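The structure file protein-v2.txt is reproduced below (compact mmCIF, C-alpha atoms and all ligand atoms).
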```txt
# COMPACT_ATOMS: atom_id res chain seq x y z
CA MET A 1 -26.50 -34.26 -7.08
CA GLU A 2 -23.07 -35.51 -7.95
CA TRP A 3 -21.07 -33.07 -10.10
CA LYS A 4 -18.82 -35.49 -11.89
CA THR A 5 -16.92 -34.23 -14.96
CA LYS A 6 -13.60 -35.12 -16.57
CA ILE A 7 -12.02 -32.32 -14.52
CA THR A 8 -13.44 -33.35 -11.13
CA GLU A 9 -12.27 -36.90 -11.82
CA MET A 10 -8.82 -35.85 -13.08
CA LEU A 11 -8.17 -33.53 -10.12
CA GLY A 12 -10.10 -35.28 -7.35
CA ILE A 13 -12.28 -32.27 -6.52
CA LYS A 14 -15.95 -32.23 -5.55
CA TYR A 15 -17.24 -29.46 -7.81
CA PRO A 16 -16.06 -28.37 -11.29
CA ILE A 17 -15.28 -24.84 -10.05
CA ILE A 18 -11.78 -23.37 -10.22
CA GLN A 19 -10.54 -20.13 -8.65
CA GLY A 20 -8.53 -17.80 -10.92
CA SER A 21 -4.94 -16.72 -10.36
CA TYR A 22 -4.08 -13.21 -9.12
CA GLY A 23 -0.58 -11.83 -9.55
CA GLY A 24 -0.59 -9.48 -6.56
CA PHE A 25 -2.58 -11.35 -3.92
CA GLY A 26 -3.33 -14.94 -5.01
CA THR A 27 -2.14 -16.60 -1.80
CA SER A 28 -3.37 -19.49 0.35
CA ALA A 29 -5.68 -16.98 2.08
CA ILE A 30 -8.15 -17.44 -0.77
CA ALA A 31 -6.90 -20.72 -2.31
CA ALA A 32 -7.27 -22.86 0.82
CA PRO A 33 -10.91 -21.94 1.60
CA VAL A 34 -11.88 -22.49 -2.06
CA SER A 35 -10.34 -25.98 -2.02
CA GLU A 36 -11.81 -26.79 1.39
CA ALA A 37 -15.26 -25.85 0.04
CA GLY A 38 -14.93 -28.38 -2.80
CA GLY A 39 -13.57 -26.23 -5.64
CA LEU A 40 -9.96 -25.97 -6.81
CA GLY A 41 -8.12 -23.15 -5.04
CA MET A 42 -5.13 -21.58 -6.77
CA ILE A 43 -1.96 -20.16 -5.21
CA THR A 44 -0.33 -17.74 -7.66
CA ALA A 45 3.44 -18.18 -7.35
CA SER A 46 4.20 -14.57 -8.32
CA ALA A 47 2.12 -13.32 -5.38
CA LEU A 48 4.64 -15.01 -3.04
CA LYS A 49 7.63 -13.47 -4.84
CA THR A 50 10.25 -16.09 -3.81
CA PRO A 51 10.46 -19.91 -3.90
CA GLU A 52 10.75 -19.90 -0.08
CA GLY A 53 7.65 -17.73 0.14
CA LEU A 54 5.77 -20.16 -2.10
CA ARG A 55 6.91 -23.17 -0.04
CA ASP A 56 5.74 -21.51 3.20
CA ASP A 57 2.41 -20.60 1.66
CA ILE A 58 1.79 -24.14 0.36
CA LYS A 59 2.50 -25.40 3.90
CA LYS A 60 0.08 -22.82 5.28
CA ALA A 61 -2.60 -24.02 2.84
CA ARG A 62 -1.93 -27.63 3.89
CA SER A 63 -2.55 -26.74 7.54
CA PHE A 64 -6.00 -25.47 6.50
CA THR A 65 -7.08 -28.16 4.05
CA ASP A 66 -5.98 -31.55 2.79
CA LYS A 67 -7.91 -31.11 -0.48
CA PRO A 68 -6.11 -30.56 -3.82
CA ILE A 69 -4.66 -27.10 -4.43
CA CYS A 70 -3.25 -25.74 -7.68
CA VAL A 71 -0.24 -23.44 -8.18
CA ASN A 72 -0.19 -20.92 -11.03
CA LEU A 73 3.02 -20.03 -12.86
CA THR A 74 2.45 -16.92 -14.97
CA VAL A 75 5.12 -17.14 -17.66
CA GLY A 76 7.10 -13.95 -18.15
CA MET A 77 5.78 -12.40 -14.94
CA CYS A 78 6.55 -14.92 -12.21
CA PRO A 79 10.01 -14.36 -10.69
CA HIS A 80 12.30 -17.43 -10.32
CA ILE A 81 9.77 -19.42 -12.30
CA ASP A 82 11.85 -22.62 -12.64
CA GLU A 83 12.52 -22.74 -8.91
CA MET A 84 8.86 -21.99 -8.18
CA ARG A 85 7.85 -24.92 -10.41
CA GLU A 86 10.27 -27.23 -8.56
CA VAL A 87 8.88 -26.10 -5.18
CA ALA A 88 5.36 -26.98 -6.37
CA ILE A 89 6.60 -30.44 -7.42
CA GLU A 90 8.57 -31.01 -4.19
CA GLU A 91 5.62 -29.97 -2.04
CA GLY A 92 3.36 -32.52 -3.74
CA ILE A 93 1.09 -30.05 -5.50
CA PRO A 94 -1.06 -32.28 -7.77
CA VAL A 95 -1.85 -29.74 -10.48
CA VAL A 96 -0.09 -26.65 -11.84
CA GLU A 97 -1.54 -24.00 -14.12
CA THR A 98 0.68 -22.08 -16.53
CA SER A 99 -0.50 -18.90 -18.25
CA ALA A 100 0.25 -15.74 -20.22
CA PHE A 101 2.73 -17.26 -22.67
CA GLN A 102 3.85 -20.63 -24.09
CA ALA A 103 4.90 -23.01 -21.34
CA THR A 104 5.99 -26.15 -23.20
CA ASP A 105 9.09 -26.82 -21.09
CA HIS A 106 7.26 -26.28 -17.82
CA GLY A 107 4.48 -28.59 -19.03
CA LYS A 108 6.95 -31.29 -19.99
CA ARG A 109 8.72 -31.14 -16.64
CA LEU A 110 5.44 -31.16 -14.69
CA LYS A 111 4.14 -34.18 -16.57
CA GLU A 112 7.43 -36.05 -16.06
CA ALA A 113 7.02 -35.38 -12.33
CA GLY A 114 3.46 -36.77 -12.40
CA VAL A 115 1.82 -33.36 -11.92
CA LYS A 116 -1.26 -32.49 -13.99
CA TRP A 117 -0.67 -29.54 -16.29
CA ILE A 118 -3.38 -26.97 -17.00
CA HIS A 119 -2.54 -24.24 -19.48
CA LYS A 120 -4.58 -21.02 -19.69
CA VAL A 121 -5.03 -19.17 -22.98
CA ALA A 122 -7.16 -16.39 -24.42
CA THR A 123 -7.82 -17.79 -27.90
CA VAL A 124 -8.94 -21.06 -29.50
CA LYS A 125 -5.82 -20.94 -31.69
CA HIS A 126 -3.61 -21.08 -28.60
CA ALA A 127 -5.79 -23.79 -27.05
CA ILE A 128 -5.13 -25.99 -30.09
CA VAL A 129 -1.39 -25.42 -29.63
CA ALA A 130 -1.65 -26.29 -25.92
CA GLU A 131 -3.43 -29.52 -26.79
CA ARG A 132 -0.66 -30.41 -29.24
CA GLN A 133 1.91 -29.73 -26.53
CA GLY A 134 0.22 -32.19 -24.19
CA ALA A 135 -1.65 -30.04 -21.65
CA ASP A 136 -3.96 -32.17 -19.48
CA ALA A 137 -6.63 -29.46 -19.46
CA ILE A 138 -6.99 -26.03 -21.07
CA VAL A 139 -8.61 -22.88 -19.69
CA ILE A 140 -9.89 -20.53 -22.36
CA VAL A 141 -10.66 -17.01 -21.11
CA GLY A 142 -13.27 -15.29 -23.24
CA MET A 143 -13.23 -11.54 -23.77
CA GLU A 144 -15.74 -10.96 -20.93
CA GLY A 145 -12.90 -11.82 -18.56
CA ILE A 146 -10.00 -9.80 -17.26
CA GLY A 147 -6.28 -10.45 -16.94
CA PHE A 148 -4.08 -11.05 -19.93
CA LYS A 149 -6.17 -10.08 -22.99
CA SER A 150 -5.54 -10.90 -26.61
CA VAL A 151 -6.36 -8.82 -29.68
CA ASP A 152 -8.02 -11.81 -31.36
CA GLN A 153 -9.97 -12.97 -28.32
CA LEU A 154 -13.62 -14.02 -28.80
CA PRO A 155 -16.49 -13.97 -26.28
CA THR A 156 -16.65 -16.91 -23.86
CA LEU A 157 -19.72 -18.42 -25.57
CA THR A 158 -18.02 -18.49 -28.95
CA SER A 159 -14.60 -19.55 -27.66
CA ILE A 160 -15.84 -22.55 -25.69
CA THR A 161 -18.43 -23.85 -28.17
CA TRP A 162 -15.99 -23.46 -31.06
CA ALA A 163 -13.12 -25.06 -29.14
CA ALA A 164 -15.33 -27.95 -27.97
CA LYS A 165 -15.77 -28.97 -31.60
CA GLN A 166 -12.04 -29.08 -32.25
CA ILE A 167 -10.37 -30.04 -28.99
CA LYS A 168 -10.51 -33.35 -27.14
CA THR A 169 -8.50 -32.20 -24.10
CA PRO A 170 -10.84 -31.21 -21.24
CA LEU A 171 -11.75 -27.52 -21.52
CA ILE A 172 -12.35 -25.07 -18.71
CA ALA A 173 -14.50 -22.01 -19.40
CA ALA A 174 -13.44 -18.60 -18.07
CA GLY A 175 -14.48 -15.00 -18.61
CA GLY A 176 -17.56 -13.37 -17.10
CA ILE A 177 -18.67 -16.35 -15.00
CA SER A 178 -19.88 -15.71 -11.45
CA ASP A 179 -23.16 -17.47 -10.73
CA ALA A 180 -25.22 -20.64 -11.17
CA ARG A 181 -26.40 -19.73 -14.67
CA GLY A 182 -22.90 -18.98 -15.94
CA PHE A 183 -21.63 -22.18 -14.31
CA LEU A 184 -24.30 -24.35 -15.95
CA ALA A 185 -23.80 -22.55 -19.25
CA SER A 186 -20.08 -23.41 -19.11
CA LEU A 187 -20.87 -27.10 -18.88
CA ALA A 188 -23.55 -26.83 -21.57
CA MET A 189 -21.06 -25.15 -23.92
CA GLY A 190 -18.77 -28.15 -23.65
CA ALA A 191 -16.45 -27.21 -20.80
CA GLU A 192 -15.69 -29.65 -17.99
CA ALA A 193 -15.38 -26.90 -15.36
CA ALA A 194 -15.92 -23.17 -14.83
CA TYR A 195 -13.07 -20.84 -13.82
CA LEU A 196 -13.84 -17.71 -11.80
CA GLY A 197 -11.43 -14.81 -11.25
CA THR A 198 -13.42 -11.68 -10.42
CA ALA A 199 -16.10 -13.66 -8.52
CA PHE A 200 -13.64 -15.10 -5.97
CA MET A 201 -12.14 -11.62 -5.50
CA CYS A 202 -15.56 -10.67 -4.15
CA THR A 203 -15.33 -13.15 -1.24
CA LYS A 204 -14.59 -12.47 2.43
CA GLU A 205 -11.32 -14.41 2.40
CA CYS A 206 -9.76 -12.71 -0.63
CA PRO A 207 -6.88 -10.56 0.68
CA ILE A 208 -7.89 -7.27 -0.94
CA PRO A 209 -9.55 -4.26 0.70
CA ASP A 210 -13.24 -4.66 1.64
CA ARG A 211 -14.03 -1.50 -0.22
CA HIS A 212 -12.92 -3.05 -3.48
CA LYS A 213 -15.02 -6.19 -2.86
CA GLN A 214 -18.08 -4.02 -2.17
CA TYR A 215 -17.39 -2.14 -5.39
CA LEU A 216 -17.40 -5.46 -7.32
CA ALA A 217 -20.70 -6.43 -5.67
CA ASP A 218 -22.32 -3.06 -6.45
CA VAL A 219 -21.05 -2.10 -9.89
CA ALA A 220 -22.99 -2.96 -13.08
CA PRO A 221 -21.27 -4.69 -16.01
CA SER A 222 -22.50 -1.81 -18.18
CA ASP A 223 -20.39 0.67 -16.17
CA PRO A 224 -18.28 2.49 -18.79
CA LYS A 225 -15.08 1.88 -16.77
CA ILE A 226 -15.59 -1.88 -16.96
CA MET A 227 -16.73 -1.89 -20.56
CA LYS A 228 -13.77 0.20 -21.64
CA LYS A 229 -11.27 -2.03 -19.91
CA VAL A 230 -12.82 -5.35 -20.87
CA LEU A 231 -14.42 -4.87 -24.27
CA SER A 232 -12.82 -1.96 -26.10
CA PRO A 233 -9.85 -2.64 -28.36
CA PRO A 234 -6.43 -1.29 -27.36
CA ASP A 235 -5.27 2.02 -28.75
CA PRO A 236 -3.55 1.03 -32.04
CA LYS A 237 -0.77 3.61 -31.50
CA ASP A 238 0.02 2.35 -27.97
CA LEU A 239 -0.08 -1.23 -29.18
CA GLU A 240 2.24 -0.51 -32.09
CA LYS A 241 4.67 1.22 -29.72
CA VAL A 242 4.76 -1.81 -27.40
CA MET A 243 5.04 -4.29 -30.27
CA LYS A 244 8.12 -2.43 -31.49
CA LEU A 245 9.74 -3.02 -28.10
CA LYS A 246 9.47 -6.81 -28.38
CA GLY A 247 12.94 -8.36 -28.13
CA LYS A 248 14.49 -5.00 -27.22
CA ILE A 249 13.63 -5.00 -23.50
CA PRO A 250 13.47 -7.94 -21.04
CA HIS A 251 10.61 -10.25 -21.99
CA SER A 252 8.88 -9.96 -18.60
CA GLU A 253 8.96 -6.16 -18.81
CA TRP A 254 7.56 -6.31 -22.35
CA LEU A 255 4.72 -8.66 -21.33
CA MET A 256 3.82 -6.32 -18.49
CA LYS A 257 3.68 -3.36 -20.89
CA LEU A 258 1.62 -5.38 -23.37
CA GLU A 259 -0.90 -6.37 -20.69
CA ARG A 260 -1.30 -2.74 -19.66
CA VAL A 261 -1.95 -1.64 -23.24
CA LEU A 262 -4.41 -4.48 -23.83
CA LEU A 263 -6.32 -3.57 -20.68
CA LYS A 264 -6.25 0.18 -21.41
CA GLU A 265 -5.23 2.58 -18.68
CA ASP A 266 -8.17 3.86 -16.73
CA PRO A 267 -8.12 7.65 -16.25
CA ASP A 268 -10.05 7.32 -12.95
CA TYR A 269 -7.40 5.36 -11.07
CA HIS A 270 -6.27 8.37 -9.09
CA GLU A 271 -9.76 8.68 -7.59
CA LEU A 272 -9.50 5.33 -5.84
CA PRO A 273 -8.32 5.22 -2.21
CA GLU A 274 -4.62 4.98 -1.54
CA GLU A 275 -4.81 1.83 0.57
CA ILE A 276 -5.65 -0.25 -2.49
CA ASN A 277 -2.32 -1.61 -3.66
CA GLU A 278 -0.96 -0.96 -7.11
CA GLU A 279 -1.64 -4.44 -8.44
CA VAL A 280 -5.31 -4.22 -7.55
CA LEU A 281 -5.48 -0.75 -8.98
CA MET A 282 -4.17 -1.97 -12.29
CA LEU A 283 -7.15 -4.27 -12.73
CA ALA A 284 -9.57 -2.38 -10.52
CA PRO A 285 -12.70 -2.26 -12.63
CA GLY A 286 -13.24 -6.06 -12.59
CA SER A 287 -14.67 -8.04 -15.48
CA LEU A 288 -18.15 -8.55 -16.86
CA ALA A 289 -18.45 -11.27 -14.20
CA VAL A 290 -19.71 -8.49 -11.88
CA SER A 291 -23.10 -9.14 -13.55
CA GLY A 292 -23.67 -12.10 -11.21
CA LEU A 293 -22.28 -10.55 -8.01
CA ASP A 294 -24.44 -8.70 -5.51
CA LYS A 295 -23.03 -9.60 -2.10
CA VAL A 296 -19.65 -10.29 -0.56
CA LEU A 297 -19.87 -13.97 0.48
CA THR A 298 -17.38 -16.44 1.92
CA ALA A 299 -15.75 -18.70 -0.67
CA LYS A 300 -17.90 -21.58 0.61
CA GLU A 301 -21.06 -19.51 0.39
CA LEU A 302 -20.22 -18.53 -3.18
CA ILE A 303 -19.54 -22.14 -4.23
CA ASP A 304 -22.64 -23.41 -2.42
CA SER A 305 -24.82 -20.71 -3.99
CA ILE A 306 -23.56 -21.66 -7.46
CA ILE A 307 -24.11 -25.38 -6.88
CA HIS A 308 -27.51 -25.02 -5.19
CA GLY A 309 -28.64 -22.52 -7.82
CA ALA A 310 -27.56 -24.85 -10.61
CA GLU A 311 -29.34 -27.81 -9.02
CA GLU A 312 -32.49 -25.73 -8.64
CA ILE A 313 -32.36 -24.69 -12.29
CA LEU A 314 -31.89 -28.28 -13.37
CA GLN A 315 -34.73 -29.50 -11.19
CA LYS A 316 -37.36 -26.83 -11.74
CA GLY A 317 -35.93 -23.94 -13.72
CA VAL A 318 -35.75 -23.21 -17.43
CA PHE A 319 -35.20 -26.81 -18.39
CA ALA A 320 -38.35 -27.92 -16.57
CA SER A 321 -40.44 -25.32 -18.38
CA ILE A 322 -38.96 -26.38 -21.73
CA ARG A 323 -39.95 -29.98 -20.97
CA ALA A 324 -43.51 -28.86 -20.04
C1 LIG B 401 -6.65 -8.68 -10.06
C2 LIG B 401 -6.38 -9.79 -11.02
C3 LIG B 401 -5.08 -10.27 -11.18
C4 LIG B 401 -4.84 -11.32 -12.09
N1 LIG B 401 -3.56 -11.79 -12.21
C5 LIG B 401 -3.32 -12.85 -13.03
C6 LIG B 401 -2.02 -13.43 -13.10
O1 LIG B 401 -1.07 -12.99 -12.46
N2 LIG B 401 -1.85 -14.49 -13.93
C7 LIG B 401 -2.87 -15.00 -14.67
O2 LIG B 401 -2.68 -15.97 -15.40
N3 LIG B 401 -4.11 -14.46 -14.62
C8 LIG B 401 -4.37 -13.41 -13.81
N4 LIG B 401 -5.63 -12.88 -13.75
C9 LIG B 401 -6.71 -13.46 -14.56
C10 LIG B 401 -7.59 -14.43 -13.76
O3 LIG B 401 -6.80 -15.49 -13.27
C11 LIG B 401 -8.71 -15.03 -14.65
O4 LIG B 401 -8.17 -15.57 -15.82
C12 LIG B 401 -9.77 -13.99 -15.01
O5 LIG B 401 -10.09 -13.19 -13.89
C13 LIG B 401 -11.03 -14.69 -15.51
O6 LIG B 401 -12.03 -13.80 -15.85
P1 LIG B 401 -13.20 -13.33 -14.81
O7 LIG B 401 -12.58 -12.30 -13.95
O8 LIG B 401 -14.25 -12.79 -15.70
O9 LIG B 401 -13.65 -14.52 -14.04
C14 LIG B 401 -5.90 -11.85 -12.86
C15 LIG B 401 -7.20 -11.36 -12.70
C16 LIG B 401 -7.45 -10.34 -11.79
C17 LIG B 401 -8.86 -9.85 -11.65
```

Rewrite the structure from the file as structure tokens, please.
Ligand SMILES: Cc1cc2nc3c(=O)[nH]c(=O)nc-3n(C[C@H](O)[C@H](O)[C@H](O)COP(=O)(O)O)c2cc1C
Amino acid sequence: MEWKTKITEMLGIKYPIIQGSYGGFGTSAIAAPVSEAGGLGMITASALKTPEGLRDDIKKARSFTDKPICVNLTVGMCPHIDEMREVAIEEGIPVVETSAFQATDHGKRLKEAGVKWIHKVATVKHAIVAERQGADAIVIVGMEGIGFKSVDQLPTLTSITWAAKQIKTPLIAAGGISDARGFLASLAMGAEAAYLGTAFMCTKECPIPDRHKQYLADVAPSDPKIMKKVLSPPDPKDLEKVMKLKGKIPHSEWLMKLERVLLKEDPDYHELPEEINEEVLMLAPGSLAVSGLDKVLTAKELIDSIIHGAEEILQKGVFASIRA
């Protein structure tokens, strides 16, 4: 089957599957194998810390694959963000994702340089703004997902179907997606690609400890630790405290504090092994996407299992029984 969507055509990729960005460890180690396997791999600029580090990592990715690779610029959290953006442009990166906060100026500059601009948001309201600002594609992360949360975030199903009615810009569905069914559902909801964060963390190439990957493969989405982090609202007192700090401390520091409050601190962190770095610890429980994970695969095996599973469903799965 040929998996042709507006996103595969726009970005020149084989499958409409995009790997999420990871602040602490989103390097070419995971991005290159995802791209080589036909998805869109993502190098997260903040994981490389410096523009020189990003340039070296893009070159490293290039030595592994000649397929398109994306660079993520997380606004407010990525150090030297303007220089990082320029490195992505100079190194011929064809598509850049911005996230976490408005990125109008970055988007404008990227488009002027002929680079496709994807912006990632957590709400339909912000997706509409991104469309107005000229984003070439928009990722909406539903509340099943992890990362930067929003207090008025809706579930993935509602976000994508609602946005598809209002937005013409190609949409990318994120939040809780990790297998063939979630992938097909994304396209059925009106998205042109599926975006997977937690699922690609559970692959052999992802540079995090094996123990954490195995945890993602074993844990149930109903685990209270995951549900608390992903689905429960932030403590109103903590949120109020952080909101009062807005404009009074550096913006990046404030965004960091806000993310922590939105994700709720997990009291069990101290029970996790020391070798897991702090960044991983911060987001340790994963998202509801763990529902579709049961084995640590290579990035290629994960992509192939999603594509083959989706083709099987289309050929003889639920849709076949509905036709009968
Ligand atoms: C450990 C971890 C770190 C992340 N860091 C970032 C980041 O720095 N910038 C960003 O835009 N999103 C970040 N995200 C969010 C993911 O890119 C993606 O939006 C999210 O994982 C999608 O939901 P899913 O996990 O259910 O697939 C992070 C997610 C995880 C799990």

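You can rank A:Arg109, A:Gly114, A:Ala185, A:Gln166 by their closest distance to Arg132 of chain A using only C-alpha atoms, and at the top of that list sits A:Gln166.
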
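Comparing the minimum interatomic distances between Ile118 of chain A and each of A:Leu293, A:Val75, A:Leu216, A:Ala135, counting only C-alpha atoms, we find that A:Ala135 sits nearest.
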
Do you know which residues are at most 10 Å from Ile13 of chain A counting only C-alpha atoms, after dropping those on the same chain fewer than 6 positions away, and could you put them as a PyMOL selection string?
chain A and resi 3-5+7+35-40+67-69

Using all atoms listed in the file, collect all residues at a distance of at most 12 Å from (-1.5, 0.6, -28.4) as written in the file, then present them as a PyMOL selection string.
chain A and resi 151+232-245+257-265

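What separates atom CA of Thr156 of chain A from atom CA of Ile172 of chain A is a distance of 10.6 Å.
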
Could you check the closest approach to Val141 of chain A for each of A:Phe101, A:Trp117, A:Tyr22, A:Tyr195 and tell me which residue wins, using only C-alpha atoms?
A:Tyr195

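Here atom C7 of ligand LIG 401 (chain B) and atom CA of Thr169 of chain A stand 20.4 Å from one another.
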
List every residue of chain A that has an atom at most 6 Å from any atom of ligand LIG 401 (chain B), and for each one report the closest atom pair and its distance in Å to one decimal, counting only C-alpha atoms and all ligand atoms, with rows sorted by chain and then by increasing residue number, as a tab-separated table.
```
residue	atom	partner	partner_atom	distance
A:Gly20	CA	B:LIG401	O3	3.7
A:Ser21	CA	B:LIG401	O3	3.7
A:Tyr22	CA	B:LIG401	N1	3.4
A:Gly23	CA	B:LIG401	O1	3.2
A:Thr74	CA	B:LIG401	N2	5.0
A:Ser99	CA	B:LIG401	O2	4.6
A:Ala100	CA	B:LIG401	O2	5.6
A:Glu144	CA	B:LIG401	O8	5.7
A:Gly145	CA	B:LIG401	O8	3.3
A:Ile146	CA	B:LIG401	O6	4.7
A:Gly147	CA	B:LIG401	C9	3.9
A:Ala174	CA	B:LIG401	C13	5.3
A:Gly175	CA	B:LIG401	O8	3.7
A:Gly176	CA	B:LIG401	O8	3.6
A:Ile177	CA	B:LIG401	O9	5.4
A:Leu196	CA	B:LIG401	O9	3.9
A:Gly197	CA	B:LIG401	O5	3.4
A:Thr198	CA	B:LIG401	O7	3.7
A:Val280	CA	B:LIG401	C1	5.3
A:Leu283	CA	B:LIG401	C1	5.2
A:Gly286	CA	B:LIG401	C17	5.9
A:Ser287	CA	B:LIG401	O8	4.8
A:Leu288	CA	B:LIG401	O8	5.9
A:Ala289	CA	B:LIG401	O8	4.7
```

Close residues, Cys202 of chain A itself excluded, 10 Å, all atoms listed in the file, min 3 positions apart in chain, as a PyMOL selection string
chain A and resi 178+197-199+205-208+210+212-217+286+290+293-299+302

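Minimum distance to Leu231 of chain A across A:Leu154, A:Ala194, A:Val87, A:Ile128 (counting only C-alpha atoms) occurs at A:Leu154.
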
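For the set A:Pro250, A:Gly292, A:Gly142, A:Gly134, the residue with the smallest atom-to-atom gap to Gly182 of chain A is A:Gly292, counting all atoms listed in the file.
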
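Remark: for Ala29 of chain A, the closest of the candidate residues A:Ile249, A:Ala47, A:Ala130, A:Ile140 is A:Ala47 (distances computed over only C-alpha atoms).
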
Got a sec: who's within 9 Å of segment 55-58 of chain A, counting all atoms listed in the file, leaving out chain neighbours fewer than 4 positions off, as a ChimeraX atom specification?
/A:27-29,43,48,50-51,62-63,69,71,84,87-88,91,93

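For the atom pair formed by atom CA of Lys149 of chain A and atom CA of Ala122 of chain A, the distance is 6.5 Å, given to one decimal.
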